[in-house]
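Asker: Structure: structure-v8.tsv, TSV, C-alpha atoms and all ligand atoms.
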```
chain	number	residue	atom	x	y	z
A	65	MET	CA	-34.50	7.33	-10.33
A	66	ASP	CA	-31.22	5.56	-9.62
A	67	ARG	CA	-29.18	6.54	-6.61
A	68	LEU	CA	-25.48	6.90	-7.40
A	69	ALA	CA	-22.65	6.31	-4.93
A	70	ILE	CA	-19.20	7.57	-5.88
A	71	VAL	CA	-16.66	5.48	-3.97
A	72	VAL	CA	-13.30	7.10	-3.24
A	73	PRO	CA	-10.50	5.26	-1.41
A	74	CYS	CA	-8.24	7.70	0.43
A	75	TYR	CA	-4.87	7.11	2.01
A	76	ASN	CA	-3.11	10.19	3.38
A	77	GLU	CA	-5.00	12.44	1.01
A	78	GLU	CA	-5.42	15.55	3.21
A	79	GLU	CA	-4.05	17.71	0.42
A	80	VAL	CA	-6.67	16.72	-2.15
A	81	LEU	CA	-9.64	15.69	-0.09
A	82	LYS	CA	-11.48	19.01	-0.16
A	83	LEU	CA	-10.69	19.46	-3.84
A	84	ALA	CA	-12.00	15.98	-4.60
A	85	SER	CA	-15.13	16.55	-2.55
A	86	GLU	CA	-15.82	19.82	-4.32
A	87	ALA	CA	-15.28	18.40	-7.79
A	88	LEU	CA	-17.40	15.33	-7.15
A	89	ARG	CA	-20.19	17.31	-5.49
A	90	GLY	CA	-20.20	19.40	-8.64
A	91	VAL	CA	-20.68	16.26	-10.72
A	92	LEU	CA	-23.51	15.07	-8.48
A	93	GLU	CA	-25.29	18.42	-8.59
A	94	ASP	CA	-25.03	18.54	-12.36
A	95	LEU	CA	-26.37	15.01	-12.81
A	96	VAL	CA	-29.20	15.61	-10.34
A	97	ARG	CA	-30.15	18.79	-12.19
A	98	LYS	CA	-30.22	16.85	-15.47
A	99	GLU	CA	-32.40	14.26	-13.70
A	100	LYS	CA	-30.00	11.45	-14.49
A	101	ILE	CA	-29.57	10.35	-10.86
A	102	ALA	CA	-31.57	10.58	-7.63
A	103	PRO	CA	-31.18	13.75	-5.53
A	104	ASP	CA	-29.87	11.74	-2.56
A	105	SER	CA	-26.92	10.37	-4.53
A	106	PHE	CA	-23.70	10.65	-2.58
A	107	ILE	CA	-19.94	10.38	-2.37
A	108	LEU	CA	-18.51	7.67	-0.12
A	109	PHE	CA	-15.00	8.42	1.08
A	110	VAL	CA	-13.18	5.37	2.42
A	111	ASN	CA	-10.40	6.31	4.79
A	112	ASP	CA	-7.78	3.60	4.45
A	113	GLY	CA	-6.08	4.04	7.81
A	114	SER	CA	-4.57	7.41	6.91
A	115	ARG	CA	-2.02	8.82	9.32
A	116	ASP	CA	-2.75	12.44	8.42
A	117	ARG	CA	-5.91	14.52	8.80
A	118	THR	CA	-7.85	12.76	6.02
A	119	TRP	CA	-10.54	11.36	8.33
A	120	GLU	CA	-11.07	14.69	10.14
A	121	LEU	CA	-11.57	16.31	6.77
A	122	ILE	CA	-14.08	13.64	5.75
A	123	GLU	CA	-15.97	14.30	9.00
A	124	GLU	CA	-15.97	18.02	8.28
A	125	GLU	CA	-17.29	17.46	4.76
A	126	HIS	CA	-20.01	15.16	6.05
A	127	ALA	CA	-21.05	17.75	8.64
A	128	ALA	CA	-21.22	20.43	5.96
A	129	TYR	CA	-22.92	18.25	3.31
A	130	PRO	CA	-24.66	15.43	5.20
A	131	VAL	CA	-26.53	14.11	2.17
A	132	GLN	CA	-23.84	14.37	-0.48
A	133	VAL	CA	-20.84	13.24	1.55
A	134	SER	CA	-20.59	10.00	3.53
A	135	GLY	CA	-17.54	8.31	4.96
A	136	VAL	CA	-16.27	4.91	5.99
A	137	LYS	CA	-13.33	4.65	8.32
A	138	LEU	CA	-11.26	1.48	8.10
A	139	ALA	CA	-9.52	0.59	11.33
A	140	GLY	CA	-6.12	0.37	9.66
A	141	ASN	CA	-4.36	0.60	6.31
A	142	VAL	CA	-5.33	-2.35	4.14
A	143	GLY	CA	-4.28	-1.06	0.72
A	144	HIS	CA	-6.12	0.37	-2.25
A	145	GLN	CA	-7.77	-2.83	-3.51
A	146	PHE	CA	-9.27	-3.76	-0.14
A	147	ALA	CA	-10.24	-0.18	0.67
A	148	LEU	CA	-12.08	0.04	-2.63
A	149	THR	CA	-13.79	-3.29	-2.03
A	150	ALA	CA	-14.90	-2.15	1.43
A	151	GLY	CA	-16.37	0.97	-0.15
A	152	LEU	CA	-18.14	-0.88	-2.95
A	153	ILE	CA	-19.70	-3.43	-0.64
A	154	THR	CA	-20.79	-0.75	1.83
A	155	ALA	CA	-22.27	1.27	-1.02
A	156	MET	CA	-24.02	-1.77	-2.49
A	157	GLU	CA	-26.79	-1.73	0.09
A	158	MET	CA	-27.23	2.02	-0.16
A	159	SER	CA	-27.27	2.65	-3.90
A	160	ASP	CA	-28.37	1.40	-7.32
A	161	VAL	CA	-25.14	2.16	-9.10
A	162	THR	CA	-21.55	2.92	-8.04
A	163	VAL	CA	-18.64	4.71	-9.62
A	164	SER	CA	-15.18	4.18	-8.15
A	165	ILE	CA	-12.53	6.82	-8.59
A	166	ASP	CA	-9.20	7.77	-6.99
A	167	ALA	CA	-9.05	10.72	-4.64
A	168	ASP	CA	-6.30	12.50	-6.56
A	169	LEU	CA	-8.56	13.66	-9.45
A	170	GLN	CA	-6.23	12.13	-12.05
A	171	ASP	CA	-9.25	10.55	-13.66
A	172	ASP	CA	-11.57	12.87	-15.52
A	173	VAL	CA	-14.70	13.40	-13.40
A	174	ASP	CA	-16.51	14.77	-16.44
A	175	VAL	CA	-16.86	11.34	-18.03
A	176	ILE	CA	-18.96	10.12	-15.10
A	177	GLU	CA	-21.97	11.52	-16.94
A	178	GLU	CA	-21.10	9.41	-19.97
A	179	MET	CA	-20.78	6.37	-17.69
A	180	ILE	CA	-24.24	7.02	-16.26
A	181	ASP	CA	-25.65	7.35	-19.78
A	182	LYS	CA	-24.20	3.97	-20.67
A	183	PHE	CA	-25.63	2.53	-17.45
A	184	HIS	CA	-29.05	3.81	-18.43
A	185	ALA	CA	-28.53	2.24	-21.83
A	186	GLY	CA	-28.28	-1.13	-20.09
A	187	LYS	CA	-24.58	-1.63	-19.34
A	188	ASP	CA	-23.67	-3.09	-15.97
A	189	ILE	CA	-19.96	-2.30	-15.95
A	190	VAL	CA	-18.45	0.74	-17.66
A	191	TYR	CA	-14.65	0.97	-17.72
A	192	GLY	CA	-12.86	4.29	-17.64
A	193	VAL	CA	-9.99	3.91	-20.11
A	194	ARG	CA	-7.05	6.30	-20.43
A	195	ARG	CA	-6.58	7.46	-23.95
A	196	GLU	CA	-2.90	8.23	-23.56
A	197	ARG	CA	-0.40	8.72	-20.84
A	198	ARG	CA	1.11	12.04	-21.75
A	199	THR	CA	1.30	13.24	-18.15
A	200	ASP	CA	2.96	10.09	-16.83
A	201	THR	CA	6.73	9.84	-16.72
A	202	PHE	CA	8.43	7.74	-19.40
A	203	PHE	CA	9.18	5.13	-16.76
A	204	LYS	CA	5.62	4.87	-15.47
A	205	ARG	CA	4.29	4.68	-19.01
A	206	THR	CA	6.59	1.91	-20.25
A	207	SER	CA	6.37	-0.07	-17.03
A	208	ALA	CA	2.59	0.13	-17.16
A	209	GLN	CA	2.53	-1.02	-20.78
A	210	ALA	CA	4.88	-3.91	-20.00
A	211	PHE	CA	2.51	-4.77	-17.17
A	212	TYR	CA	-0.56	-5.06	-19.42
A	213	LYS	CA	1.43	-7.06	-22.01
A	214	LEU	CA	2.71	-9.49	-19.42
A	215	MET	CA	-0.75	-9.94	-17.94
A	216	GLY	CA	-2.07	-10.77	-21.40
A	217	LEU	CA	0.73	-13.28	-22.04
A	218	MET	CA	-0.01	-14.94	-18.73
A	219	GLY	CA	-3.63	-15.34	-19.69
A	220	VAL	CA	-5.16	-12.76	-17.33
A	221	LYS	CA	-7.95	-10.89	-19.07
A	222	THR	CA	-7.78	-7.17	-18.30
A	223	VAL	CA	-8.99	-4.05	-20.05
A	224	TYR	CA	-5.97	-2.28	-21.54
A	225	ASN	CA	-5.18	1.05	-19.85
A	226	HIS	CA	-8.05	0.76	-17.42
A	227	ALA	CA	-7.27	1.22	-13.75
A	228	ASP	CA	-9.96	1.29	-11.10
A	229	PHE	CA	-12.11	4.11	-12.45
A	230	ARG	CA	-15.31	2.29	-13.30
A	231	LEU	CA	-19.06	2.20	-13.01
A	232	MET	CA	-20.75	-0.88	-11.60
A	233	SER	CA	-24.46	-1.49	-11.31
A	234	ARG	CA	-25.75	-2.80	-8.03
A	235	ARG	CA	-26.17	-6.31	-9.37
A	236	ALA	CA	-22.59	-6.27	-10.69
A	237	VAL	CA	-21.32	-5.30	-7.22
A	238	GLU	CA	-23.52	-8.02	-5.70
A	239	GLU	CA	-22.00	-10.59	-8.02
A	240	PHE	CA	-18.53	-9.25	-7.28
A	241	SER	CA	-19.18	-9.59	-3.55
A	242	LYS	CA	-19.49	-13.35	-4.06
A	243	TYR	CA	-15.80	-13.54	-4.93
A	244	LYS	CA	-14.42	-14.30	-1.51
A	245	GLU	CA	-10.75	-14.45	-2.45
A	246	THR	CA	-8.28	-12.55	-0.34
A	247	ASN	CA	-5.71	-11.94	-3.05
A	248	LEU	CA	-7.68	-9.23	-4.78
A	249	PHE	CA	-6.92	-7.92	-8.21
A	250	LEU	CA	-10.09	-6.06	-9.07
A	251	ARG	CA	-9.21	-5.29	-12.67
A	252	GLY	CA	-8.84	-8.97	-13.39
A	253	MET	CA	-12.06	-9.91	-11.60
A	254	MET	CA	-14.42	-7.56	-13.40
A	255	PRO	CA	-14.32	-9.43	-16.72
A	256	LEU	CA	-15.30	-12.62	-14.84
A	257	ILE	CA	-18.58	-11.11	-13.67
A	258	GLY	CA	-20.09	-11.04	-17.13
A	259	TYR	CA	-23.03	-8.80	-18.11
A	260	GLN	CA	-22.79	-6.16	-20.78
A	261	THR	CA	-19.84	-3.85	-20.45
A	262	ASP	CA	-18.65	-0.73	-22.20
A	263	SER	CA	-15.83	1.81	-21.97
A	264	VAL	CA	-15.51	5.56	-21.85
A	265	TYR	CA	-12.26	7.28	-22.82
A	266	TYR	CA	-10.46	10.19	-21.17
A	267	ASP	CA	-7.05	11.77	-20.78
A	268	ARG	CA	-5.43	11.11	-17.45
A	269	LYS	CA	-4.37	14.26	-15.67
A	270	GLU	CA	-1.67	14.96	-13.19
A	271	ARG	CA	-2.32	14.46	-9.52
A	272	ALA	CA	-4.24	17.50	-8.18
A	273	ALA	CA	-2.00	17.59	-5.09
A	274	GLY	CA	0.09	15.34	-2.89
A	275	GLU	CA	2.27	12.44	-3.96
A	276	SER	CA	1.61	9.06	-5.51
A	277	LYS	CA	0.76	6.43	-2.92
A	278	TYR	CA	1.88	3.78	-5.38
A	279	PRO	CA	5.67	3.68	-5.40
A	280	LEU	CA	7.46	1.18	-7.65
A	281	LYS	CA	7.51	-1.43	-4.92
A	282	LYS	CA	3.72	-1.40	-4.55
A	283	MET	CA	3.32	-1.42	-8.35
A	284	LEU	CA	5.50	-4.51	-8.73
A	285	ALA	CA	3.59	-6.18	-5.91
A	286	LEU	CA	0.31	-5.39	-7.68
A	287	ALA	CA	1.61	-6.85	-10.95
A	288	PHE	CA	2.87	-10.00	-9.29
A	289	ASN	CA	-0.35	-10.34	-7.33
A	290	GLY	CA	-2.34	-9.86	-10.54
A	291	ILE	CA	-0.59	-12.72	-12.26
A	292	SER	CA	-0.33	-15.07	-9.32
A	293	SER	CA	-3.98	-14.57	-8.36
A	294	PHE	CA	-5.33	-15.31	-11.79
A	295	SER	CA	-3.10	-17.58	-13.69
A	296	VAL	CA	-1.60	-21.01	-13.29
A	297	LYS	CA	0.33	-20.48	-16.49
A	298	PRO	CA	3.72	-20.13	-14.76
A	299	ILE	CA	3.26	-23.69	-13.44
A	300	SER	CA	2.35	-24.99	-16.88
A	301	MET	CA	5.43	-23.26	-18.24
A	302	ILE	CA	7.63	-25.24	-15.85
A	303	LEU	CA	5.98	-28.43	-17.03
A	304	GLY	CA	6.60	-27.37	-20.65
A	305	ILE	CA	10.25	-26.61	-20.01
A	306	GLY	CA	10.66	-30.00	-18.31
A	307	LEU	CA	9.23	-31.78	-21.34
A	308	LEU	CA	11.41	-29.74	-23.65
A	309	ILE	CA	14.56	-30.61	-21.75
A	310	ILE	CA	13.74	-34.30	-21.82
A	311	LEU	CA	13.37	-33.99	-25.59
A	312	VAL	CA	16.73	-32.25	-25.74
A	313	SER	CA	18.22	-35.04	-23.66
A	314	LEU	CA	17.13	-37.50	-26.34
A	315	LEU	CA	19.05	-35.46	-28.89
A	316	ALA	CA	21.95	-35.37	-26.48
A	317	LEU	CA	21.69	-39.16	-26.26
A	318	ALA	CA	22.08	-39.48	-29.99
A	319	TYR	CA	24.98	-37.05	-30.01
A	320	ALA	CA	26.71	-38.71	-27.05
A	321	LEU	CA	26.36	-42.20	-28.52
A	322	PHE	CA	27.68	-40.93	-31.83
A	323	SER	CA	30.68	-39.36	-30.09
A	324	TYR	CA	31.20	-42.50	-28.04
A	325	PHE	CA	31.35	-44.73	-31.09
A	326	THR	CA	33.54	-42.39	-33.10
A	327	GLY	CA	35.84	-42.40	-30.08
A	328	HIS	CA	36.36	-38.68	-29.46
A	329	VAL	CA	35.40	-38.76	-25.82
A	330	VAL	CA	36.94	-38.73	-22.39
A	331	GLN	CA	36.05	-41.76	-20.28
A	332	GLY	CA	32.84	-41.30	-18.31
A	333	TRP	CA	31.66	-38.28	-20.29
A	334	THR	CA	28.80	-40.05	-22.07
A	335	SER	CA	27.06	-41.33	-18.97
A	336	LEU	CA	27.68	-38.06	-17.13
A	337	ILE	CA	26.27	-35.75	-19.80
A	338	LEU	CA	23.24	-37.97	-20.31
A	339	SER	CA	22.44	-38.06	-16.60
A	340	ILE	CA	22.68	-34.30	-16.33
A	341	TRP	CA	20.23	-33.60	-19.11
A	342	PHE	CA	17.83	-36.39	-18.44
A	343	LEU	CA	17.66	-35.94	-14.68
A	344	GLY	CA	17.37	-32.16	-15.01
A	345	GLY	CA	14.44	-32.57	-17.38
A	346	LEU	CA	12.86	-35.22	-15.22
A	347	GLN	CA	13.06	-33.04	-12.14
A	348	LEU	CA	11.43	-30.09	-13.85
A	349	LEU	CA	8.75	-32.37	-15.23
A	350	ALA	CA	8.04	-33.73	-11.77
A	351	ILE	CA	7.89	-30.25	-10.22
A	352	GLY	CA	5.57	-29.17	-13.02
A	353	MET	CA	3.31	-32.19	-12.42
A	354	VAL	CA	3.09	-31.48	-8.70
A	355	GLY	CA	2.47	-27.86	-9.66
A	356	GLN	CA	-0.54	-28.85	-11.75
A	357	TYR	CA	-2.20	-30.24	-8.64
A	358	ILE	CA	-1.25	-27.20	-6.58
A	359	GLY	CA	-2.71	-25.07	-9.35
A	360	LYS	CA	-5.98	-26.96	-9.10
A	361	ILE	CA	-6.04	-26.65	-5.32
A	362	TYR	CA	-5.48	-22.94	-5.68
A	363	ILE	CA	-8.38	-22.58	-8.07
A	364	GLU	CA	-10.61	-24.70	-5.80
A	365	VAL	CA	-9.85	-22.78	-2.62
A	366	LYS	CA	-10.81	-19.52	-4.26
A	367	GLN	CA	-14.38	-20.85	-4.44
A	368	ARG	CA	-15.22	-18.37	-7.12
A	369	PRO	CA	-18.77	-18.43	-8.43
A	370	ARG	CA	-18.80	-20.77	-11.40
A	371	TYR	CA	-21.42	-18.85	-13.34
A	372	ASN	CA	-23.65	-15.83	-13.05
A	373	ILE	CA	-27.25	-16.35	-14.15
A	374	GLU	CA	-28.62	-13.18	-15.63
A	375	LYS	CA	-32.17	-14.27	-16.45
A	376	VAL	CA	-34.40	-17.33	-16.23
A	377	LEU	CA	-37.48	-17.84	-18.36
A	378	SER	CA	-39.98	-20.01	-16.53
A	379	SER	CA	-43.62	-20.10	-15.57
A	380	ILE	CA	-42.65	-20.86	-11.98
A	381	GLU	CA	-42.14	-17.77	-9.87
A	382	ILE	CA	-38.51	-17.37	-8.74
A	383	PRO	CA	-37.37	-14.40	-6.68
A	384	GLU	CA	-35.50	-11.89	-8.86
A	385	LYS	CA	-32.06	-10.64	-7.97
A	386	SER	CA	-32.08	-6.97	-7.16
A	387	GLY	CA	-32.18	-6.30	-10.84
A	388	ARG	CA	-32.27	-3.23	-12.95
A	389	GLU	CA	-35.49	-1.90	-14.31
A	390	ALA	CA	-35.85	-2.49	-18.00
A	391	PRO	CA	-34.06	0.36	-19.73
A	401	LIG	N1	-4.81	4.37	-1.75
A	401	LIG	C1	-5.42	3.70	-0.69
A	401	LIG	N2	-4.65	2.89	0.11
A	401	LIG	C2	-3.30	2.73	-0.09
A	401	LIG	C3	-2.70	3.40	-1.20
A	401	LIG	C4	-3.49	4.20	-2.01
A	401	LIG	O1	-6.62	3.81	-0.48
A	401	LIG	O2	-2.66	2.01	0.67
A	401	LIG	C5	-5.65	5.22	-2.62
A	401	LIG	C6	-5.14	6.64	-2.80
A	401	LIG	O3	-5.57	7.48	-1.76
A	401	LIG	C7	-5.74	7.01	-4.14
A	401	LIG	C8	-5.77	5.70	-4.89
A	401	LIG	O4	-5.63	4.67	-3.91
A	401	LIG	O5	-7.08	7.48	-4.01
A	401	LIG	C9	-4.69	5.59	-5.94
A	401	LIG	O6	-3.43	5.92	-5.41
A	401	LIG	P1	-2.42	6.88	-6.17
A	401	LIG	O7	-3.15	7.97	-6.87
A	401	LIG	O8	-1.38	7.33	-5.18
A	401	LIG	O9	-1.76	5.89	-7.23
A	401	LIG	P2	-1.19	6.28	-8.70
A	401	LIG	O10	-2.26	7.04	-9.41
A	401	LIG	O11	0.04	7.08	-8.47
A	401	LIG	O12	-0.89	4.94	-9.33
A	402	MG	MG	-3.18	8.63	-8.77
```
Can you present the structure in this file as structure tokens?

Answerer:
Amino acid sequence: MDRLAIVVPCYNEEEVLKLASEALRGVLEDLVRKEKIAPDSFILFVNDGSRDRTWELIEEEHAAYPVQVSGVKLAGNVGHQFALTAGLITAMEMSDVTVSIDADLQDDVDVIEEMIDKFHAGKDIVYGVRRERRTDTFFKRTSAQAFYKLMGLMGVKTVYNHADFRLMSRRAVEEFSKYKETNLFLRGMMPLIGYQTDSVYYDRKERAAGESKYPLKKMLALAFNGISSFSVKPISMILGIGLLIILVSLLALAYALFSYFTGHVVQGWTSLILSIWFLGGLQLLAIGMVGQYIGKIYIEVKQRPRYNIEKVLSSIEIPEKSGREAP
């Protein structure tokens, strides 16, 4: 039977930690009883350099439930995306399948069962998708929607209304671990892994306790990071604008010459206006061209895997990846 690891990044979560542990242990117990996961499945709390009693509480939970509760302590605060990555990669060696979820219980723990069912049906990544955002403030809702729209426009593939509540099979996490980039935007990386994916839907609840650790500043940083880590479109846009302005300068040429010959101009205007438009366009074009190379360098230095081979048919024996058993 498959061993499940539930990975929970925690930053200053002393108010919800026990609640989260209790709720998630409930889920584990239920799934073990239904024989959907192995009895030694566990929760992995990742303490992201909390300054409150979060780690002490994790230690207490581990002492009380040594099998069900494990913990990882990061030496300092590295932020949600890195903390989650640390948890996933630690869990990779210890489990067959992982589910990542926030500590605040905003995501519905009851759909984990559905995720596991989809995993058993052969899916490698199962996205938890929020059905609606009734409990979010108007501001959070609209800003989040604008965020997904903008990402789409910039050519970053993401799953709409999916945050970081997701199931990943061991081989999906292994593939993910090959992405060595430091500018992490997990939601954008998952679709690059490939394999069969699916979604489960739920209503997002209010935080069980404590405050959001994602103020507007961090949200904007995440959005900017998402775009700038995935897309070279902004550079291409500069190039496009440069070309456009050079085109406009040709029109301006026609207009200026026309004005010059019909005599309605101040001395020096024609050459001045033409230089402004043409040089402006030329400069943008040049910046855009240089940008194209920088864009390529940026894609090269990421050294992302170029493909992910799922299966090979051959009579020659090749070692299998730690694969899933046939469903
Ligand atoms: N988190 C973290 N490190 C940070 C900030 C947040 O590990 O620097 C964790 C936090 O403990 C929570 C999750 O990331 O489990 C999501 O944060 P939060 O619920 O505050 O974000 P929101 O739901 O308000 O966007
Ligand atoms: Mg939250």

Asker: So, with all atoms listed in the file as the atoms that count, which of A:Ile305, A:Ile361, A:Ala285, A:Met232 lies closest to A:Val71?

Answerer: A:Met232

Asker: Using only C-alpha atoms, give me every residue within 10 Å of (1.1, -13.0, -13.5) in file coordinates, as a PyMOL selection string.

Answerer: chain A and resi 211+214-220+286-298

Asker: Between A:Gln170, A:Thr201, A:Ser114, A:Ser300, which one has atoms that come closest to A:Leu83, using all atoms listed in the file?

Answerer: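 Closest to A:Leu83, using all atoms listed in the file: A:Gln170.
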
Asker: Given all atoms listed in the file as the basis, pick out the residue of A:Glu364, A:Glu79, A:Asp262, A:Asp66 nearest to A:Pro103.

Answerer: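 Answer, going by the shortest atom-to-atom distance: A:Asp66.
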
Asker: Atom CA of A:Arg268 to atom O5 of ligand LIG 401 (chain A): how many Å, to one decimal?

Answerer: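 Here the two named atoms are 14.0 Å from each other.
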
Asker: Quick one: distance from atom CA of A:Thr154 to atom CA of A:Val237 in Å, one decimal?

Answerer: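 Straight-line distance from atom CA of A:Thr154 to atom CA of A:Val237 works out to 10.1 Å.
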
Asker: Nearest to A:Tyr212 among A:Val142, A:Leu81, A:Ala227, A:Val330, with distances taken over all atoms listed in the file: which residue is it?

Answerer: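 Ranking A:Val142, A:Leu81, A:Ala227, A:Val330 by distance to A:Tyr212, first place goes to A:Ala227.
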
Asker: Ligand LIG 401 (chain A): which residues are within 7 Å, counting only C-alpha atoms and all ligand atoms? Reply as a list in words.

Answerer: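 Written in the requested form, the residues are Val72, Pro73, Cys74, Tyr75, Asn76, Glu77, Asn111, Asp112, Asn141, Val142, Gly143, His144, Ala147, Leu148, Asp166, Ala167, Asp168, Gln170, Glu275, Ser276, Lys277 and Tyr278 of chain A.
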
Asker: Once you have the residues from the selection above, write them out as a compact mmCIF listing (two decimals), in the coordinates of the input, restricted to C-alpha atoms.

Answerer:
```txt
# COMPACT_ATOMS: atom_id res chain seq x y z
CA VAL A 72 -13.30 7.10 -3.24
CA PRO A 73 -10.50 5.26 -1.41
CA CYS A 74 -8.24 7.70 0.43
CA TYR A 75 -4.87 7.11 2.01
CA ASN A 76 -3.11 10.19 3.38
CA GLU A 77 -5.00 12.44 1.01
CA ASN A 111 -10.40 6.31 4.79
CA ASP A 112 -7.78 3.60 4.45
CA ASN A 141 -4.36 0.60 6.31
CA VAL A 142 -5.33 -2.35 4.14
CA GLY A 143 -4.28 -1.06 0.72
CA HIS A 144 -6.12 0.37 -2.25
CA ALA A 147 -10.24 -0.18 0.67
CA LEU A 148 -12.08 0.04 -2.63
CA ASP A 166 -9.20 7.77 -6.99
CA ALA A 167 -9.05 10.72 -4.64
CA ASP A 168 -6.30 12.50 -6.56
CA GLN A 170 -6.23 12.13 -12.05
CA GLU A 275 2.27 12.44 -3.96
CA SER A 276 1.61 9.06 -5.51
CA LYS A 277 0.76 6.43 -2.92
CA TYR A 278 1.88 3.78 -5.38
```

Asker: Taking into account only C-alpha atoms and all ligand atoms, which residue in the set A:Met301, A:Ala273, A:Val264, A:Met156 is nearest to ligand MG 402 (chain A)?

Answerer: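 Comparing A:Met301, A:Ala273, A:Val264, A:Met156 against ligand MG 402 (chain A), the winner is A:Ala273.
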
Asker: What gap, in Å, lies between atom CA of A:Gln132 and atom CA of A:Arg97?

Answerer: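 These two atoms are separated by 14.0 Å.
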
Asker: Restricting the calculation to only C-alpha atoms and all ligand atoms: of A:Ser323, A:Gly352, A:Arg271, A:Gly345, which residue gets closest to ligand MG 402 (chain A)?

Answerer: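 Comparing A:Ser323, A:Gly352, A:Arg271, A:Gly345 against ligand MG 402 (chain A), the winner is A:Arg271.
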
Asker: Extract, using only C-alpha atoms, all DNA, RNA and protein residues at most 10 Å from A:Val175, discarding same-chain residues fewer than 4 positions from it, and format them as a list in words.

Answerer: Val91, Asp171, Met179, Ile180, Asp181, Gly192, Val264, Tyr265 and Tyr266 of chain A

Asker: Name all residues at most 12 Å from stretch 312-316 of chain A (count only C-alpha atoms; drop same-chain ones fewer than 6 positions away) and give them as an MDAnalysis selection string.

Answerer: chainID A and resid 305:306 322:324 333:346

Asker: Would you kindly return, as an mmCIF file with C-alpha atoms, keeping the file's coordinate frame, each protein, DNA or RNA residue with an atom no farther than 12 Å from any atom of A:Phe106, considering all atoms listed in the file and excluding same-chain residues fewer than 4 positions away?

Answerer:
```cif
data_model
loop_
_atom_site.group_PDB
_atom_site.id
_atom_site.type_symbol
_atom_site.label_atom_id
_atom_site.label_comp_id
_atom_site.auth_asym_id
_atom_site.auth_seq_id
_atom_site.Cartn_x
_atom_site.Cartn_y
_atom_site.Cartn_z
ATOM 1 C CA ASP A 66 -31.220 5.560 -9.620
ATOM 2 C CA ARG A 67 -29.180 6.540 -6.610
ATOM 3 C CA LEU A 68 -25.480 6.900 -7.400
ATOM 4 C CA ALA A 69 -22.650 6.310 -4.930
ATOM 5 C CA ILE A 70 -19.200 7.570 -5.880
ATOM 6 C CA VAL A 71 -16.660 5.480 -3.970
ATOM 7 C CA VAL A 72 -13.300 7.100 -3.240
ATOM 8 C CA SER A 85 -15.130 16.550 -2.550
ATOM 9 C CA LEU A 88 -17.400 15.330 -7.150
ATOM 10 C CA ARG A 89 -20.190 17.310 -5.490
ATOM 11 C CA GLY A 90 -20.200 19.400 -8.640
ATOM 12 C CA VAL A 91 -20.680 16.260 -10.720
ATOM 13 C CA LEU A 92 -23.510 15.070 -8.480
ATOM 14 C CA GLU A 93 -25.290 18.420 -8.590
ATOM 15 C CA LEU A 95 -26.370 15.010 -12.810
ATOM 16 C CA VAL A 96 -29.200 15.610 -10.340
ATOM 17 C CA ILE A 101 -29.570 10.350 -10.860
ATOM 18 C CA ALA A 102 -31.570 10.580 -7.630
ATOM 19 C CA GLU A 125 -17.290 17.460 4.760
ATOM 20 C CA HIS A 126 -20.010 15.160 6.050
ATOM 21 C CA TYR A 129 -22.920 18.250 3.310
ATOM 22 C CA PRO A 130 -24.660 15.430 5.200
ATOM 23 C CA VAL A 131 -26.530 14.110 2.170
ATOM 24 C CA GLN A 132 -23.840 14.370 -0.480
ATOM 25 C CA VAL A 133 -20.840 13.240 1.550
ATOM 26 C CA SER A 134 -20.590 10.000 3.530
ATOM 27 C CA GLY A 135 -17.540 8.310 4.960
ATOM 28 C CA ALA A 155 -22.270 1.270 -1.020
ATOM 29 C CA MET A 158 -27.230 2.020 -0.160
ATOM 30 C CA SER A 159 -27.270 2.650 -3.900
ATOM 31 C CA ASP A 160 -28.370 1.400 -7.320
ATOM 32 C CA VAL A 161 -25.140 2.160 -9.100
ATOM 33 C CA THR A 162 -21.550 2.920 -8.040
ATOM 34 C CA VAL A 163 -18.640 4.710 -9.620
#
```

Asker: Taking all atoms of stretch 82-101 of chain A that the file lists, what box with edges along x, y and z, padded by 4 Å per side, do you get, with centre and edge lengths in Å to one decimal, as lines of an AutoDock Vina configuration file?

Answerer:
```
center_x = -21.5
center_y = 15.1
center_z = -7.8
size_x = 29.7
size_y = 17.5
size_z = 23.3
```
